Amino acid sequence: MLEVKNLSKDFGGLQIIRDLSLKVEAGERRVILGPNGAGKTTLFHLLAGTLAPSQGEIRFDGAAIGALNAVRRARLGMARSYQKNNLFESLTIRENLMLAASAALGKSGKLFRDPRHDAAVKARIDEIAEQIALTETLDAQVSTAPYGIRRQLEVGIALATKPKLLLMDEPTSGVGPSMIDHFHRLLNQLPRSITLLIIEHDMDLAFDVADRISVLNFGEKLFEGTPTETKGNAMVRSIYLGEREGGEHNA
Amino acid sequence: MFYQSPLRTITLIAALCFLAIYASFGSYFAREIVIEIIILAILAISLDFCAGFGGMVSLCHGAMMGIAAYFYGMMSVKLGWGLTASAGIGLAAAVIFAGCVGWVTARISGIFFIMATLAFGQMAYTIFFRWRWLGGDDGMGGMRRFDLSAWGVNLNDGLIFTFWALGILLLVYILSALLLRSGFGRSLSGIHANEGRMQALGINTATIRTQAMAFSGLMAGLAGILAAQHTFYISPELLVWTLSGEVLLVVILGGIGTLVGPIIGAILLVLMKHSISAYTDYWHIFVGLVLIFAVLSGGRGIFGQGEYWWQKYMRGQHA
Amino acid sequence: MQNVAMDVSFWILQCLNALQYAMLLFLLSVGLTVIFGLLNFVNLAHASLYMLGAYLGISLAALTGSFWWALLIAPLLVMGIGAGLYFTLIARLRTAGPMNQVLVTFGLIFVFLDLVRIGWGDIALGLAAPPALSGTLHFLGINYPSYRLFIIGLGGTVMAGMWFILARTQIGAMIRASVENTDMAAALGIDVSRLFFLVFCCGCALAGLAGVAAAPILSATTTMGITILIPTMIVVVIGGLGSLEGAILGSLIIGFIDVFGAVLMPSFSALLTYALLAAVLVWRPHGLIAARG
């Protein structure tokens, strides 16, 4: 499904990603772990095409996509949700989902036809709204909505494109325990037709959702294995879990 | 995002009726004012289309209009083409110019976009200013109005020409409204709100932006041909950047991103200019102060502010 | 061109003309660009202050009987007007976005235009160069007006002074740090808003200075602001908004293109600057010398 070979990225001599290789199977749930500055978000930028790698190869669905820009990659079925909310702030929640749904359903460039009255777009909006539990607040303005709702919409926009591969950058970043539970359920309910690549700091959620876990540190892949193997690995414990037990919490 | 609310429809009808009545019962001078308003309003709608909904604040809309006017004049007067074909060429030239500007500037925004459009507009201005064959800085005359006598319509009659212009204004409004509520128009609003996220959704934002500028050029071109037919004369002053600045003023004054607001803005600006210049030569200072006030008072514009209050009142009624 | 000597002196003359125009553009653009770099503010009315400088200079010269008093006081008066603008408009528009800034300062152009018409009338006014500079200087086989040489010298002095302040003094270091990253500068304890005000006032004074200096050559007209605004904006954008080196480079490029274009290919010279601007905006949207990393 997704295959990364010897990927490197440096910014002015500073290596953010070093010789990283990764293979994710179709339908897999893969969690990326790693301390701050490990290069996780940069990896997502490279995968989504918003940054160009210094070296290496990316294959998606069997095709090399290294030369494609972010727009072309999105059209191949790659979607992304962001660590910092990246929404259409001046619009309503419904309009946000409509933009995503019409993009995915090929209604975005249509002249003289209003996607608001398009049955397929409407159905998609309702479906996603239910999934992210925002059916009640669809017509609220995004800029004035509470943080938790904006966080759900962030994932909802990505889901509304019905991607093959969904890159989620810390979906639970900054939300409370009840919202984490909600995301937990949401992730478990997503169909296996969507491959998930998740950067996550919440350990319970990560270990429960993941099929496999890749651990990054200083841009390198330190370890890869099942959740159980990861928990048992001494090196991972020292660089990552140890730090977490020290009480630091990522906001 | 654009919605043709009942308030907007009512305002549109009221504005058109006002112009029609003012022209019908007024003097020759009143009709001249109405046509001046209509041309400015078309240009302002065209600018609101890309600035208010796409975030592309262009300072080359005067140039789009002027290019259409000049090509219309060149084809019909200098090369002796038929009027309809000349108008077609004029519109095509405006669309091509606007599309090229849109395409070239598709990756820049903010002050850099404003400056780039200013540069392209001034480039066009300079070309026509220097082009002796087309009269250079003296401008050129001899344009004619369409011959619709086959339909029993005589456009050389001042009042009939006013209604013809009014019809084109309505047509431009409807075209804009239809485009803005389409998938394309919604995407344009999405780009205005968050261009990066639109790209992440797989939307080729450069294409949408280019198309939006091209459509805007088509509408500005209609204003240009109307202007050429109105006075039978065109000059490089149509293309100069300060005219584009005044169009932006009209959009802000009426309400940016409301589509009907620019018509209100055009009515107010032209009437204000004429009534002030009846008393004093110094109308610039009033226009300048109004503009500063319009921005400092929240920037919603007259219609925009009214609409905002109306929506607030309606929400209060429902709550 | 009859002989080589004539040819060479002709080109020297054109070079000096280009340099003189470039210096005028520099005096205007340096204020505009540093204000943008620091405040993120595009002041279209900057050129109106230049016009005010010229008119105030003419009145002051008539009042005091001396060009030099005018050259000294008019920029200070313009600075005062700038300070007034800062407190009434500029400060509250800093975060209002480029469109609102363009609109309000466009409105200011209109206001200043009519104020000048009311105060001084529609007729072009001249200002005599001071007696000491009214002659011509003979060198390198050419005769050149000494007043124009004075403008070149004035521009060069301001350029050197600006460079010294920005590169060598503490306040210059503060300005550079704030252009690079305003938040960081504020966090380091720099009083950013006072710095903004100071820089804005100095920029306005330079615009006023350019106005007085230009008056003996160009004479004051109500359209002089609008006329110089576009080349000034082009200089700033080509050079890189916020960059001193960019303003120097941009002024020289536009000065030379304009003068030599007018000599070599008169019908395309104006087009050339616009084409250059368009090319820079497309290939290097942040200017030849970008102010921020």
# chains A, B, ... in the order shown; residues from 1 in each chain; ligands from 1
$ residues_around --residues "stretch 215-223 of chain A" --least-positions-apart "2" --cutoff "9 Å" --atoms "only C-alpha atoms" --output "ChimeraX atom specification"
/A:8-9,15-22,31-40,43,213,225,230,233,235-236,239-240
$ residues_around --residues "A:Thr92" --least-positions-apart "2" --cutoff "7 Å" --atoms "only C-alpha atoms" --output "list in words"
Arg94, Glu95, Asn96, Asp139, Ala140, Gln141 and Val142 of chain A
$ select_by_dssp --residues "stretch 112-174 of chain A" --states "alpha helix (DSSP H)" --output "PyMOL selection string"
chain A and resi 119-131+147-159
$ write_last_selection --atoms "N, CA, C and O atoms" --output "compact mmCIF listing (two decimals), in the first residue's frame"
# COMPACT_ATOMS: atom_id res chain seq x y z
N ALA A 119 -27.22 15.28 -4.38
CA ALA A 119 -27.63 14.21 -3.47
C ALA A 119 -26.42 13.49 -2.88
O ALA A 119 -26.36 13.23 -1.68
N ALA A 120 -25.44 13.18 -3.74
CA ALA A 120 -24.27 12.43 -3.27
C ALA A 120 -23.50 13.24 -2.23
O ALA A 120 -23.06 12.71 -1.20
N VAL A 121 -23.33 14.54 -2.50
CA VAL A 121 -22.59 15.39 -1.56
C VAL A 121 -23.34 15.48 -0.24
O VAL A 121 -22.76 15.34 0.84
N LYS A 122 -24.67 15.67 -0.34
CA LYS A 122 -25.48 15.77 0.87
C LYS A 122 -25.37 14.50 1.71
O LYS A 122 -25.20 14.56 2.94
N ALA A 123 -25.46 13.36 1.04
CA ALA A 123 -25.39 12.08 1.75
C ALA A 123 -24.04 11.94 2.45
O ALA A 123 -23.97 11.51 3.61
N ARG A 124 -22.97 12.36 1.75
CA ARG A 124 -21.64 12.24 2.33
C ARG A 124 -21.50 13.13 3.57
O ARG A 124 -20.95 12.72 4.59
N ILE A 125 -22.04 14.36 3.47
CA ILE A 125 -21.96 15.27 4.62
C ILE A 125 -22.66 14.67 5.83
O ILE A 125 -22.13 14.63 6.94
N ASP A 126 -23.88 14.14 5.60
CA ASP A 126 -24.64 13.57 6.72
C ASP A 126 -23.90 12.39 7.33
O ASP A 126 -23.84 12.23 8.56
N GLU A 127 -23.33 11.56 6.45
CA GLU A 127 -22.64 10.36 6.92
C GLU A 127 -21.46 10.74 7.82
O GLU A 127 -21.29 10.20 8.91
N ILE A 128 -20.64 11.68 7.32
CA ILE A 128 -19.45 12.06 8.08
C ILE A 128 -19.84 12.80 9.35
O ILE A 128 -19.26 12.58 10.42
N ALA A 129 -20.86 13.64 9.26
CA ALA A 129 -21.30 14.38 10.44
C ALA A 129 -21.70 13.42 11.55
O ALA A 129 -21.40 13.63 12.72
N GLU A 130 -22.35 12.33 11.16
CA GLU A 130 -22.74 11.36 12.17
C GLU A 130 -21.52 10.66 12.76
O GLU A 130 -21.40 10.47 13.96
N GLN A 131 -20.58 10.32 11.86
CA GLN A 131 -19.37 9.64 12.30
C GLN A 131 -18.61 10.47 13.34
O GLN A 131 -18.08 9.94 14.30
N TYR A 147 -13.02 24.20 20.86
CA TYR A 147 -11.84 23.51 20.35
C TYR A 147 -12.13 22.05 20.03
O TYR A 147 -11.70 21.54 18.98
N GLY A 148 -12.84 21.36 20.92
CA GLY A 148 -13.10 19.92 20.71
C GLY A 148 -13.82 19.68 19.39
O GLY A 148 -13.49 18.77 18.63
N ILE A 149 -14.80 20.52 19.11
CA ILE A 149 -15.58 20.37 17.88
C ILE A 149 -14.69 20.63 16.67
O ILE A 149 -14.73 19.90 15.66
N ARG A 150 -13.84 21.62 16.77
CA ARG A 150 -12.92 21.92 15.66
C ARG A 150 -11.97 20.75 15.43
O ARG A 150 -11.62 20.43 14.29
N ARG A 151 -11.57 20.11 16.52
CA ARG A 151 -10.66 18.96 16.43
C ARG A 151 -11.34 17.82 15.68
O ARG A 151 -10.73 17.13 14.86
N GLN A 152 -12.63 17.62 15.98
CA GLN A 152 -13.37 16.54 15.30
C GLN A 152 -13.54 16.87 13.83
O GLN A 152 -13.41 16.00 12.97
N LEU A 153 -13.81 18.13 13.56
CA LEU A 153 -13.99 18.54 12.17
C LEU A 153 -12.69 18.35 11.38
O LEU A 153 -12.71 17.96 10.21
N GLU A 154 -11.57 18.59 12.05
CA GLU A 154 -10.27 18.41 11.41
C GLU A 154 -10.16 17.00 10.82
O GLU A 154 -9.77 16.81 9.67
N VAL A 155 -10.56 16.02 11.63
CA VAL A 155 -10.53 14.63 11.14
C VAL A 155 -11.66 14.40 10.14
O VAL A 155 -11.48 13.71 9.13
N GLY A 156 -12.81 15.05 10.40
CA GLY A 156 -13.97 14.86 9.52
C GLY A 156 -13.69 15.29 8.09
O GLY A 156 -14.10 14.61 7.14
N ILE A 157 -12.98 16.40 7.91
CA ILE A 157 -12.67 16.87 6.56
C ILE A 157 -11.85 15.82 5.82
O ILE A 157 -12.11 15.52 4.65
N ALA A 158 -10.89 15.25 6.53
CA ALA A 158 -10.06 14.22 5.89
C ALA A 158 -10.89 12.99 5.56
O ALA A 158 -10.79 12.41 4.47
N LEU A 159 -11.75 12.60 6.49
CA LEU A 159 -12.57 11.40 6.28
C LEU A 159 -13.56 11.58 5.13
O LEU A 159 -13.87 10.63 4.41
$ atom_distance --atom1 "atom CA of B:Tyr173" --atom2 "atom CA of B:Phe112"
28.7 Å
$ residues_around --residues "C:Leu218" --least-positions-apart "4" --cutoff "9 Å" --atoms "only C-alpha atoms" --output "PyMOL selection string"
chain C and resi 126+214+224
$ residues_around --residues "stretch 170-181 of chain C" --least-positions-apart "4" --cutoff "9 Å" --atoms "only C-alpha atoms" --output "NGL selection string"
:C and (34 or 36-39 or 162-166 or 185-186 or 190 or 192 or 195-196 or 199 or 242-243 or 291-293)
